[in-house]
file structure_10.txt (compact mmCIF, C-alpha atoms and all ligand atoms)
# COMPACT_ATOMS: atom_id res chain seq x y z
CA MET A 961 86.00 83.01 113.19
CA LEU A 962 87.44 79.52 112.75
CA CYS A 963 87.40 79.26 116.49
CA ASN A 964 83.69 80.19 116.66
CA ILE A 965 82.82 77.50 114.12
CA ALA A 966 84.78 74.91 116.12
CA LEU A 967 83.02 75.97 119.35
CA ARG A 968 79.58 75.84 117.74
CA THR A 969 80.32 72.40 116.22
CA SER A 970 81.56 70.88 119.45
CA SER A 971 78.69 72.34 121.53
CA ARG A 972 76.18 71.05 118.94
CA ARG A 973 77.74 67.60 119.37
CA ILE A 974 77.61 67.84 123.19
CA LEU A 975 73.92 68.96 123.09
CA SER A 976 72.85 66.23 120.71
CA THR A 977 74.67 63.63 122.83
CA ALA A 978 73.05 65.00 126.03
CA SER A 979 69.52 64.93 124.54
CA SER A 980 69.88 61.29 123.38
CA HIS A 981 70.97 60.52 126.90
CA THR A 982 67.83 62.08 128.43
CA LYS A 983 65.44 60.39 126.01
CA ARG A 984 66.93 57.00 126.60
CA ALA A 985 67.57 57.37 130.33
CA ALA A 986 64.98 54.67 131.24
CA SER A 987 66.77 52.03 129.36
CA THR A 988 70.12 50.83 130.68
CA ARG A 989 70.99 49.58 127.27
CA ALA A 990 70.21 52.90 125.88
CA PHE A 991 72.20 54.53 128.67
CA LYS A 992 75.16 52.31 127.93
CA GLN A 993 74.86 53.14 124.29
CA THR A 994 74.84 56.80 125.11
CA GLU A 995 77.76 56.39 127.45
CA GLN A 996 79.64 54.55 124.74
CA GLU A 997 78.77 57.30 122.29
CA THR A 998 79.88 59.94 124.74
CA ARG A 999 83.15 58.07 125.26
CA LYS A 1000 83.49 57.81 121.51
CA TYR A 1001 83.06 61.54 121.16
CA LEU A 1002 85.18 62.53 124.16
CA PRO A 1003 88.52 62.63 122.35
CA LEU A 1004 86.84 64.57 119.55
CA MET A 1005 85.36 67.02 122.03
CA ALA A 1006 88.69 67.42 123.77
CA ALA A 1007 90.45 67.85 120.47
CA SER A 1008 87.86 70.43 119.43
CA ALA A 1009 88.28 72.32 122.67
CA MET A 1010 92.05 72.18 122.37
CA GLY A 1011 91.91 73.10 118.69
CA CYS A 1012 89.65 75.93 119.63
CA PHE A 1013 92.07 77.04 122.29
CA GLY A 1014 94.86 76.82 119.74
CA LEU A 1015 92.84 78.82 117.24
CA LEU A 1016 91.98 81.38 119.89
CA SER A 1017 95.61 81.93 120.78
CA LEU A 1018 96.53 81.92 117.08
CA GLN A 1019 93.92 84.59 116.44
CA ARG A 1020 95.21 86.59 119.41
CA SER A 1021 98.80 86.41 118.19
CA VAL A 1022 97.71 87.47 114.65
CA GLU A 1023 95.87 90.42 116.16
CA GLU A 1024 98.90 91.31 118.30
CA GLU A 1025 101.12 91.05 115.23
CA GLU A 1026 98.75 93.29 113.28
CA THR A 1027 98.75 95.86 116.07
CA LYS A 1028 102.54 95.70 116.21
CA ASN A 1029 102.74 96.13 112.42
CA ALA A 1030 100.35 99.08 112.51
CA GLN A 1031 102.39 100.69 115.29
CA CYS A 1032 105.55 100.00 113.32
CA LEU A 1033 104.07 101.50 110.14
CA PHE A 1034 102.84 104.49 112.06
CA GLY A 1035 106.31 104.88 113.57
CA ALA A 1036 107.95 104.62 110.12
CA GLU A 1037 105.54 107.17 108.68
CA LYS A 1038 106.21 109.53 111.56
CA LYS A 1039 109.96 109.10 111.03
CA ALA A 1040 109.57 109.81 107.29
CA ASP A 1041 107.52 112.93 108.12
CA ASP A 1042 110.23 114.08 110.54
CA VAL A 1043 112.96 113.57 107.95
CA GLU A 1044 110.86 115.39 105.32
CA GLN A 1045 110.29 118.27 107.71
CA LYS A 1046 114.02 118.41 108.49
CA PHE A 1047 114.91 118.59 104.79
CA ALA A 1048 112.25 121.22 104.12
CA THR A 1049 113.56 123.33 107.01
CA TYR A 1050 117.35 123.01 106.84
CA TRP A 1051 118.39 121.88 103.34
CA PRO A 1052 118.50 124.19 100.32
CA ARG A 1053 116.02 123.49 97.50
CA ASN A 1054 117.27 121.58 94.44
CA ILE A 1055 116.65 124.08 91.64
CA MET A 1056 117.44 122.73 88.23
CA ILE A 1057 117.18 124.16 84.73
CA LEU A 1058 116.68 121.79 81.80
CA PHE A 1059 118.22 123.73 78.96
CA GLY A 1060 118.27 123.19 75.19
CA PRO A 1061 116.79 124.18 71.83
CA PRO A 1062 113.30 123.15 70.74
CA GLY A 1063 113.32 119.40 70.17
CA ALA A 1064 116.45 118.79 72.27
CA GLY A 1065 114.60 116.36 74.55
CA LYS A 1066 113.57 118.51 77.52
CA GLY A 1067 110.02 117.15 77.40
CA THR A 1068 111.36 113.61 76.89
CA HIS A 1069 113.77 113.49 79.82
CA GLY A 1070 112.10 115.97 82.20
CA PRO A 1071 109.46 113.47 83.44
CA LYS A 1072 112.20 110.88 84.08
CA ILE A 1073 114.16 113.36 86.20
CA GLU A 1074 110.92 114.19 87.97
CA ASP A 1075 110.45 110.49 88.84
CA LEU A 1076 114.07 110.10 89.89
CA LEU A 1077 114.28 113.10 92.19
CA GLY A 1078 110.67 113.47 93.27
CA ILE A 1079 110.53 117.15 92.40
CA PRO A 1080 108.13 118.59 89.79
CA GLN A 1081 108.99 119.59 86.23
CA LEU A 1082 107.67 123.08 85.54
CA SER A 1083 107.28 123.64 81.82
CA THR A 1084 106.35 127.23 80.94
CA GLY A 1085 105.41 125.97 77.45
CA ASP A 1086 102.87 123.51 78.98
CA MET A 1087 101.53 126.15 81.35
CA LEU A 1088 101.08 128.62 78.50
CA ARG A 1089 99.42 125.99 76.29
CA ALA A 1090 97.02 125.21 79.16
CA ALA A 1091 96.24 128.94 79.41
CA VAL A 1092 95.61 129.06 75.64
CA SER A 1093 93.25 126.06 75.84
CA ALA A 1094 91.42 127.61 78.79
CA LYS A 1095 91.16 130.92 76.85
CA SER A 1096 92.31 132.78 79.98
CA GLU A 1097 93.58 136.37 79.80
CA VAL A 1098 97.19 135.12 79.66
CA GLY A 1099 96.23 132.51 77.07
CA LEU A 1100 94.56 135.06 74.79
CA LYS A 1101 97.67 137.27 74.95
CA ALA A 1102 100.07 134.36 74.30
CA ALA A 1103 98.29 132.31 71.59
CA ALA A 1104 99.35 134.14 68.42
CA VAL A 1105 102.96 134.73 69.56
CA MET A 1106 103.36 131.05 70.42
CA LYS A 1107 101.89 129.78 67.16
CA ALA A 1108 104.42 131.88 65.22
CA GLY A 1109 107.31 130.60 67.37
CA GLY A 1110 108.01 133.93 69.11
CA LEU A 1111 108.60 134.51 72.82
CA VAL A 1112 105.81 135.49 75.18
CA SER A 1113 106.55 138.62 77.26
CA ASP A 1114 108.96 138.30 80.20
CA GLU A 1115 106.36 139.84 82.49
CA ILE A 1116 103.82 137.08 81.82
CA VAL A 1117 106.14 134.10 82.23
CA ILE A 1118 107.92 135.53 85.28
CA GLY A 1119 104.51 136.02 86.94
CA ILE A 1120 103.55 132.41 86.15
CA ILE A 1121 106.76 130.99 87.61
CA ARG A 1122 106.71 133.26 90.67
CA ASP A 1123 103.32 131.83 91.67
CA ARG A 1124 104.06 128.24 90.76
CA ILE A 1125 107.26 127.82 92.77
CA THR A 1126 105.53 128.72 96.02
CA GLU A 1127 103.24 125.68 95.76
CA PRO A 1128 103.82 122.85 98.30
CA ASP A 1129 105.11 120.31 95.76
CA CYS A 1130 108.09 122.62 95.14
CA LYS A 1131 109.27 122.59 98.75
CA PHE A 1132 112.30 120.38 97.99
CA GLY A 1133 112.96 121.95 94.60
CA PHE A 1134 111.81 121.88 90.97
CA ILE A 1135 112.98 121.34 87.41
CA LEU A 1136 112.51 124.33 85.13
CA ASP A 1137 111.81 123.40 81.50
CA GLY A 1138 111.70 126.30 79.04
CA PHE A 1139 112.43 128.92 81.68
CA PRO A 1140 114.42 131.16 81.85
CA ARG A 1141 114.55 131.95 78.13
CA THR A 1142 116.02 135.45 78.28
CA LEU A 1143 118.67 137.08 80.44
CA VAL A 1144 115.97 139.22 82.06
CA GLN A 1145 114.08 136.05 83.06
CA ALA A 1146 117.29 134.53 84.51
CA GLN A 1147 118.01 137.65 86.54
CA GLU A 1148 114.43 137.77 87.83
CA LEU A 1149 114.62 134.10 88.76
CA ASP A 1150 117.86 134.69 90.70
CA LYS A 1151 116.21 137.62 92.48
CA MET A 1152 113.13 135.56 93.46
CA LEU A 1153 115.33 132.75 94.75
CA SER A 1154 117.70 135.07 96.63
CA GLU A 1155 114.73 136.27 98.70
CA GLU A 1156 114.89 132.90 100.47
CA GLY A 1157 118.68 132.50 100.21
CA ALA A 1158 118.33 129.97 97.36
CA CYS A 1159 119.94 129.77 93.94
CA VAL A 1160 120.04 127.65 90.79
CA THR A 1161 121.90 124.45 91.70
CA LYS A 1162 122.17 122.75 88.28
CA VAL A 1163 121.79 123.62 84.60
CA VAL A 1164 121.66 120.56 82.31
CA GLU A 1165 122.37 121.69 78.76
CA LEU A 1166 121.10 119.29 76.06
CA GLN A 1167 123.28 119.93 73.02
CA VAL A 1168 121.91 119.11 69.55
CA PRO A 1169 122.90 120.61 66.19
CA ASP A 1170 120.11 122.64 64.54
CA GLY A 1171 120.20 120.33 61.51
CA VAL A 1172 118.55 117.40 63.32
CA LEU A 1173 115.83 119.43 65.05
CA GLU A 1174 113.46 119.90 62.12
CA GLU A 1175 112.96 116.16 61.76
CA ARG A 1176 112.38 115.81 65.53
CA ILE A 1177 109.95 118.73 65.76
CA CYS A 1178 107.95 118.03 62.61
CA GLY A 1179 107.66 114.31 63.45
CA ARG A 1180 106.41 114.91 66.98
CA TRP A 1181 102.85 113.95 68.04
CA ILE A 1182 101.45 114.61 71.49
CA HIS A 1183 98.76 113.23 73.77
CA LYS A 1184 97.30 116.50 74.97
CA LYS A 1185 95.91 115.39 78.34
CA SER A 1186 99.01 113.61 79.63
CA GLY A 1187 101.71 115.42 77.62
CA ARG A 1188 103.06 112.05 76.40
CA SER A 1189 105.23 112.65 73.38
CA TYR A 1190 105.66 110.37 70.32
CA HIS A 1191 107.71 110.58 67.17
CA VAL A 1192 106.78 109.08 63.81
CA LYS A 1193 110.30 107.66 63.42
CA TYR A 1194 111.94 107.51 66.87
CA ALA A 1195 109.01 106.74 69.18
CA PRO A 1196 105.92 105.80 67.11
CA PRO A 1197 102.64 104.97 68.84
CA LYS A 1198 101.63 101.29 68.55
CA SER A 1199 98.57 102.24 66.47
CA MET A 1200 100.48 104.15 63.76
CA LYS A 1201 99.73 103.23 60.13
CA THR A 1202 101.46 104.77 57.14
CA ASP A 1203 100.18 105.60 53.68
CA GLY A 1204 101.79 104.65 50.37
CA SER A 1205 104.42 107.41 50.70
CA GLY A 1206 105.40 106.30 54.24
CA ALA A 1207 103.70 109.30 55.94
CA PRO A 1208 101.62 108.55 59.06
CA VAL A 1209 97.85 108.34 58.63
CA PRO A 1210 96.60 111.05 61.09
CA GLU A 1211 93.51 109.03 62.16
CA SER A 1212 95.76 106.14 63.20
CA MET A 1213 97.81 108.26 65.64
CA LYS A 1214 96.48 107.17 69.05
CA ASP A 1215 97.90 107.32 72.58
CA ASP A 1216 99.30 103.92 73.64
CA GLU A 1217 97.76 104.10 77.11
CA THR A 1218 94.32 105.63 76.54
CA GLY A 1219 93.73 105.05 72.81
CA GLU A 1220 92.82 108.74 72.53
CA ALA A 1221 93.77 110.78 69.46
CA LEU A 1222 97.22 112.40 69.32
CA MET A 1223 97.76 115.93 68.03
CA GLN A 1224 100.53 118.07 66.57
CA ARG A 1225 101.42 121.40 68.16
CA PRO A 1226 100.56 124.43 66.00
CA ASP A 1227 104.15 125.71 66.39
CA ASP A 1228 105.73 122.40 65.32
CA THR A 1229 106.20 123.52 61.72
CA ALA A 1230 109.41 124.08 59.78
CA ALA A 1231 108.58 127.81 59.44
CA ALA A 1232 107.92 128.38 63.16
CA LEU A 1233 111.01 126.34 64.05
CA VAL A 1234 113.25 128.84 62.21
CA LYS A 1235 111.91 131.59 64.45
CA ARG A 1236 112.17 129.44 67.59
CA LEU A 1237 115.79 128.60 66.83
CA ASN A 1238 116.63 132.27 66.20
CA GLY A 1239 115.13 133.11 69.56
CA TYR A 1240 117.08 130.28 71.20
CA HIS A 1241 120.49 131.28 69.85
CA GLY A 1242 119.90 135.02 70.19
CA GLU A 1243 118.19 135.29 73.56
CA THR A 1244 118.43 132.00 75.43
CA VAL A 1245 122.00 130.73 74.92
CA PRO A 1246 123.55 133.81 76.68
CA ILE A 1247 121.94 132.50 79.87
CA LEU A 1248 124.60 129.75 79.94
CA ASP A 1249 127.36 132.37 80.37
CA HIS A 1250 125.33 133.87 83.19
CA TYR A 1251 125.40 130.59 85.17
CA LYS A 1252 128.81 129.17 84.12
CA PRO A 1253 130.84 131.09 86.73
CA ASN A 1254 128.80 129.32 89.45
CA GLY A 1255 130.08 125.94 88.22
CA VAL A 1256 126.56 124.54 87.81
CA VAL A 1257 126.37 124.02 84.03
CA SER A 1258 126.65 120.40 82.75
CA LYS A 1259 126.68 119.52 79.07
CA VAL A 1260 124.92 116.48 77.61
CA ASN A 1261 125.29 115.16 74.07
CA ALA A 1262 121.61 114.96 73.11
CA ASN A 1263 122.40 114.02 69.51
CA GLN A 1264 122.29 110.28 70.15
CA GLY A 1265 119.69 107.63 70.99
CA MET A 1266 117.38 108.43 73.91
CA ASP A 1267 118.99 105.84 76.23
CA GLY A 1268 122.43 107.31 75.59
CA VAL A 1269 121.10 110.79 76.36
CA TRP A 1270 119.48 109.56 79.57
CA GLY A 1271 122.75 107.96 80.71
CA GLU A 1272 124.56 111.29 80.30
CA VAL A 1273 121.72 113.15 82.03
CA LEU A 1274 122.07 110.80 85.01
CA ASP A 1275 125.81 111.53 85.19
CA ALA A 1276 125.16 115.26 84.96
CA LEU A 1277 122.69 115.13 87.84
CA LYS A 1278 125.17 113.55 90.23
CA ARG A 1279 126.89 115.78 92.74
CA GLY A 1280 129.91 117.23 90.95
CA GLY A 1281 128.64 115.63 87.68
CA ASN A 1282 130.49 116.67 84.50
P1 LIG A 1301 108.14 125.02 74.87
O1 LIG A 1301 106.95 124.18 75.05
O2 LIG A 1301 109.04 125.26 76.02
O3 LIG A 1301 108.91 124.48 73.60
P2 LIG A 1301 110.44 124.34 73.25
O4 LIG A 1301 111.42 124.89 74.21
O5 LIG A 1301 110.51 124.86 71.87
O6 LIG A 1301 110.72 122.87 73.45
P3 LIG A 1301 109.94 121.67 72.88
O7 LIG A 1301 108.87 121.26 73.80
O8 LIG A 1301 109.53 121.92 71.47
O9 LIG A 1301 111.14 120.65 72.79
P4 LIG A 1301 111.65 119.56 73.81
O10 LIG A 1301 113.07 119.82 74.07
O11 LIG A 1301 110.76 119.43 74.98
O12 LIG A 1301 111.54 118.32 72.83
P5 LIG A 1301 110.93 116.86 73.07
O13 LIG A 1301 111.56 116.22 74.24
O14 LIG A 1301 109.47 116.86 72.99
O15 LIG A 1301 107.68 126.48 74.37
C1 LIG A 1301 106.69 126.66 73.40
C2 LIG A 1301 106.45 128.16 73.22
O16 LIG A 1301 105.96 128.72 74.46
C3 LIG A 1301 107.66 128.99 72.91
O17 LIG A 1301 107.96 128.98 71.54
C4 LIG A 1301 107.21 130.36 73.41
O18 LIG A 1301 106.34 130.99 72.52
C5 LIG A 1301 106.45 130.04 74.66
N1 LIG A 1301 107.30 130.06 75.89
C6 LIG A 1301 107.55 129.01 76.71
N2 LIG A 1301 108.36 129.39 77.69
C7 LIG A 1301 108.63 130.69 77.51
C8 LIG A 1301 109.42 131.64 78.22
N3 LIG A 1301 110.11 131.28 79.32
N4 LIG A 1301 109.50 132.89 77.76
C9 LIG A 1301 108.81 133.25 76.66
N5 LIG A 1301 108.05 132.43 75.93
C10 LIG A 1301 107.96 131.14 76.36
O19 LIG A 1301 111.53 116.17 71.76
C11 LIG A 1301 111.07 116.53 70.48
C12 LIG A 1301 110.85 115.30 69.62
O20 LIG A 1301 112.08 114.63 69.40
C13 LIG A 1301 109.93 114.27 70.24
O21 LIG A 1301 109.09 113.79 69.26
C14 LIG A 1301 110.87 113.18 70.77
O22 LIG A 1301 110.26 111.89 70.67
C15 LIG A 1301 112.04 113.28 69.84
N6 LIG A 1301 113.30 113.03 70.51
C16 LIG A 1301 113.69 113.47 71.75
N7 LIG A 1301 114.92 113.04 72.03
C17 LIG A 1301 115.34 112.32 70.96
C18 LIG A 1301 116.55 111.63 70.63
N8 LIG A 1301 117.58 111.57 71.49
N9 LIG A 1301 116.62 111.00 69.42
C19 LIG A 1301 115.59 111.03 68.56
N10 LIG A 1301 114.42 111.68 68.81
C20 LIG A 1301 114.31 112.31 69.99
call {"tool": "encode", "arguments": {"input": "structure_10.txt", "output": "structure tokens"}}
result
Amino acid sequence: MLCNIALRTSSRRILSTASSHTKRAASTRAFKQTEQETRKYLPLMAASAMGCFGLLSLQRSVEEEETKNAQCLFGAEKKADDVEQKFATYWPRNIMILFGPPGAGKGTHGPKIEDLLGIPQLSTGDMLRAAVSAKSEVGLKAAAVMKAGGLVSDEIVIGIIRDRITEPDCKFGFILDGFPRTLVQAQELDKMLSEEGACVTKVVELQVPDGVLEERICGRWIHKKSGRSYHVKYAPPKSMKTDGSGAPVPESMKDDETGEALMQRPDDTAAALVKRLNGYHGETVPILDHYKPNGVVSKVNANQGMDGVWGEVLDALKRGGN
């Protein structure tokens, strides 16, 4: 474009010089003047032409560079696709279980593991809550049991997971959060995976004494759409205001990113927590003994600040991690 402007400018100059020459051709003086003018403009015209040539070649080299870059990018993308295809075909899937009682931090650290490893976090709790909101058949069956802190039937959750893990985003693996919760679910999971020669590759157990869980669960507020989790004491939203007794004012609980209202889960009550913890110790903890002989269970002290927990989770995720 610069080159076009330069061309148009120099040709306009040449034309205007030529027309003055014609008009004043009868007069030698005028001719001389024109000649002088032409001489005056000659270096400018030459410079313009040369500049234009320079700009032309500059433009050409930019275009060549762009083509080269595009080819290079295309080549890199193709290489990445090839590598992805190779992993999807020859490497086993990374199948991880995020394990721990209600309030241990599965929902807090799961999304970070998801970002780190690029595999999705599959939370049966979230899937069931979505079914309840949508008032689907599964949701209608699950709603009351969930609100009371009981366990939804094995048949329902196994069906949900069976379908979910065949989706394309699970091709390199997935992080199970809240599944399996009973020995039957663990055995069914192993069976599903064995159909493709796969198995659970890591169980990260978040250990927290029951005593600290009530405060965590009853202080939790959630942004429903995104699943972002807050805590009145440990991770308060920026908007939080408290009343005279130090309790949060519900209307002030807003999501930091969208400003939308936060909510509390219907099962996040002290009464429902008792039932959830009974279920955890009675039916879920035995799953650890099921996987221990495979050498895949790693323990994390989740009774410390969130950064400390995350550091231990990172160690646990490493090959051969504690
Ligand atoms: P689900 O949604 O799976 O609930 P859960 O297992 O009880 O776990 P939570 O989501 O309550 O706890 P979390 O560990 O994710 O805690 P978070 O990180 O948010 O299940 C709900 C229900 O669905 C079940 O009761 C059941 O009915 C049904 N269900 C689901 N799966 C099922 C299955 N497989 N079979 C049958 N039924 C099934 O942390 C909690 C709070 O603590 C947050 O506010 C957080 O900010 C705070 N916090 C986290 N870490 C720390 C820390 N280190 N220090 C201080 N505060 C912290």
call {"tool": "residues_near_ligand", "arguments": {"input": "structure_10.txt", "ligand": "ligand LIG 1301 (chain A)", "cutoff": "7 Å", "atoms": "all atoms listed in the file", "output": "PyMOL selection string"}}
result
chain A and resi 1060-1069+1083-1086+1088+1105-1106+1109-1114+1117+1137-1141+1176-1177+1179-1181+1189-1191+1194-1195+1236+1262-1266+1269
call {"tool": "atom_distance", "arguments": {"input": "structure_10.txt", "atom1": "CA of Val1160 in chain A", "atom2": "CA of Ile1057 in chain A"}}
result
7.6 Å
call {"tool": "closest_residue", "arguments": {"input": "structure_10.txt", "among": "A:Cys1178, A:Val1163, A:Val1043, A:Leu1018", "to": "Pro1208 in chain A", "atoms": "only C-alpha atoms"}}
result
A:Cys1178
call {"tool": "closest_residue", "arguments": {"input": "structure_10.txt", "among": "A:Val1260, A:Val1022, A:Ala1040, A:Ala1221", "to": "Leu1274 in chain A", "atoms": "only C-alpha atoms"}}
result
A:Val1260
call {"tool": "residues_around", "arguments": {"input": "structure_10.txt", "residues": "Thr1142 in chain A", "least_positions_apart": "2", "cutoff": "10 Å", "atoms": "all atoms listed in the file", "output": "list of chain:residue names"}}
result
A:Leu1111, A:Asp1114, A:Phe1139, A:Pro1140, A:Val1144, A:Gln1145, A:Ala1146, A:Gln1147, A:Glu1148, A:Gly1239, A:Tyr1240, A:Gly1242, A:Glu1243, A:Thr1244, A:Val1245, A:Pro1246, A:Ile1247
call {"tool": "residues_around", "arguments": {"input": "structure_10.txt", "residues": "Ile1182 in chain A", "least_positions_apart": "3", "cutoff": "6 Å", "atoms": "only C-alpha atoms", "output": "VMD selection string"}}
result
chain A and resid 1188 to 1189 1222 to 1223
call {"tool": "build_atoms", "arguments": {"input": "structure_10.txt", "residues": "range 1215-1240 of chain A", "atoms": "N, CA and C atoms", "output": "PDB file, keeping the file's coordinate frame"}}
result
ATOM      1  N   ASP A1215      97.088 107.484  71.371  1.00  0.00           N
ATOM      2  CA  ASP A1215      97.900 107.320  72.580  1.00  0.00           C
ATOM      3  C   ASP A1215      97.944 105.840  72.986  1.00  0.00           C
ATOM      4  N   ASP A1216      99.156 105.330  73.271  1.00  0.00           N
ATOM      5  CA  ASP A1216      99.300 103.920  73.640  1.00  0.00           C
ATOM      6  C   ASP A1216      98.483 103.546  74.872  1.00  0.00           C
ATOM      7  N   GLU A1217      98.406 104.454  75.835  1.00  0.00           N
ATOM      8  CA  GLU A1217      97.760 104.100  77.110  1.00  0.00           C
ATOM      9  C   GLU A1217      96.253 104.270  77.098  1.00  0.00           C
ATOM     10  N   THR A1218      95.775 105.351  76.460  1.00  0.00           N
ATOM     11  CA  THR A1218      94.320 105.630  76.540  1.00  0.00           C
ATOM     12  C   THR A1218      93.609 105.345  75.221  1.00  0.00           C
ATOM     13  N   GLY A1219      94.353 105.256  74.126  1.00  0.00           N
ATOM     14  CA  GLY A1219      93.730 105.050  72.810  1.00  0.00           C
ATOM     15  C   GLY A1219      93.138 106.350  72.269  1.00  0.00           C
ATOM     16  N   GLU A1220      93.359 107.453  72.993  1.00  0.00           N
ATOM     17  CA  GLU A1220      92.820 108.740  72.530  1.00  0.00           C
ATOM     18  C   GLU A1220      93.687 109.311  71.405  1.00  0.00           C
ATOM     19  N   ALA A1221      93.070 110.220  70.635  1.00  0.00           N
ATOM     20  CA  ALA A1221      93.770 110.780  69.460  1.00  0.00           C
ATOM     21  C   ALA A1221      94.984 111.626  69.879  1.00  0.00           C
ATOM     22  N   LEU A1222      96.047 111.541  69.108  1.00  0.00           N
ATOM     23  CA  LEU A1222      97.220 112.400  69.320  1.00  0.00           C
ATOM     24  C   LEU A1222      97.067 113.652  68.463  1.00  0.00           C
ATOM     25  N   MET A1223      97.824 114.687  68.815  1.00  0.00           N
ATOM     26  CA  MET A1223      97.760 115.930  68.030  1.00  0.00           C
ATOM     27  C   MET A1223      99.171 116.465  67.768  1.00  0.00           C
ATOM     28  N   GLN A1224      99.248 117.398  66.818  1.00  0.00           N
ATOM     29  CA  GLN A1224     100.530 118.070  66.570  1.00  0.00           C
ATOM     30  C   GLN A1224     100.398 119.506  67.065  1.00  0.00           C
ATOM     31  N   ARG A1225     101.472 120.026  67.652  1.00  0.00           N
ATOM     32  CA  ARG A1225     101.420 121.400  68.160  1.00  0.00           C
ATOM     33  C   ARG A1225     101.400 122.378  66.981  1.00  0.00           C
ATOM     34  N   PRO A1226     100.634 123.483  67.119  1.00  0.00           N
ATOM     35  CA  PRO A1226     100.560 124.430  66.000  1.00  0.00           C
ATOM     36  C   PRO A1226     101.907 125.083  65.674  1.00  0.00           C
ATOM     37  N   ASP A1227     102.831 125.092  66.668  1.00  0.00           N
ATOM     38  CA  ASP A1227     104.150 125.710  66.390  1.00  0.00           C
ATOM     39  C   ASP A1227     105.180 124.670  65.936  1.00  0.00           C
ATOM     40  N   ASP A1228     104.780 123.431  65.783  1.00  0.00           N
ATOM     41  CA  ASP A1228     105.730 122.400  65.320  1.00  0.00           C
ATOM     42  C   ASP A1228     105.758 122.337  63.794  1.00  0.00           C
ATOM     43  N   THR A1229     106.071 123.474  63.184  1.00  0.00           N
ATOM     44  CA  THR A1229     106.200 123.520  61.720  1.00  0.00           C
ATOM     45  C   THR A1229     107.612 123.988  61.398  1.00  0.00           C
ATOM     46  N   ALA A1230     108.053 123.689  60.180  1.00  0.00           N
ATOM     47  CA  ALA A1230     109.410 124.080  59.780  1.00  0.00           C
ATOM     48  C   ALA A1230     109.564 125.602  59.857  1.00  0.00           C
ATOM     49  N   ALA A1231     108.497 126.332  59.455  1.00  0.00           N
ATOM     50  CA  ALA A1231     108.580 127.810  59.440  1.00  0.00           C
ATOM     51  C   ALA A1231     108.709 128.359  60.863  1.00  0.00           C
ATOM     52  N   ALA A1232     107.857 127.871  61.780  1.00  0.00           N
ATOM     53  CA  ALA A1232     107.920 128.380  63.160  1.00  0.00           C
ATOM     54  C   ALA A1232     109.225 127.961  63.827  1.00  0.00           C
ATOM     55  N   LEU A1233     109.755 126.815  63.434  1.00  0.00           N
ATOM     56  CA  LEU A1233     111.010 126.340  64.050  1.00  0.00           C
ATOM     57  C   LEU A1233     112.163 127.309  63.768  1.00  0.00           C
ATOM     58  N   VAL A1234     112.179 127.878  62.552  1.00  0.00           N
ATOM     59  CA  VAL A1234     113.250 128.840  62.210  1.00  0.00           C
ATOM     60  C   VAL A1234     113.229 129.975  63.237  1.00  0.00           C
ATOM     61  N   LYS A1235     112.036 130.486  63.501  1.00  0.00           N
ATOM     62  CA  LYS A1235     111.910 131.590  64.450  1.00  0.00           C
ATOM     63  C   LYS A1235     112.287 131.134  65.875  1.00  0.00           C
ATOM     64  N   ARG A1236     111.860 129.943  66.234  1.00  0.00           N
ATOM     65  CA  ARG A1236     112.170 129.440  67.590  1.00  0.00           C
ATOM     66  C   ARG A1236     113.677 129.285  67.764  1.00  0.00           C
ATOM     67  N   LEU A1237     114.332 128.789  66.726  1.00  0.00           N
ATOM     68  CA  LEU A1237     115.790 128.600  66.830  1.00  0.00           C
ATOM     69  C   LEU A1237     116.529 129.943  66.884  1.00  0.00           C
ATOM     70  N   ASN A1238     116.013 130.937  66.120  1.00  0.00           N
ATOM     71  CA  ASN A1238     116.630 132.270  66.200  1.00  0.00           C
ATOM     72  C   ASN A1238     116.522 132.808  67.614  1.00  0.00           C
ATOM     73  N   GLY A1239     115.346 132.648  68.187  1.00  0.00           N
ATOM     74  CA  GLY A1239     115.130 133.110  69.560  1.00  0.00           C
ATOM     75  C   GLY A1239     116.063 132.375  70.524  1.00  0.00           C
ATOM     76  N   TYR A1240     116.233 131.080  70.302  1.00  0.00           N
ATOM     77  CA  TYR A1240     117.080 130.280  71.200  1.00  0.00           C
ATOM     78  C   TYR A1240     118.524 130.770  71.153  1.00  0.00           C
TER      79      TYR A1240
END
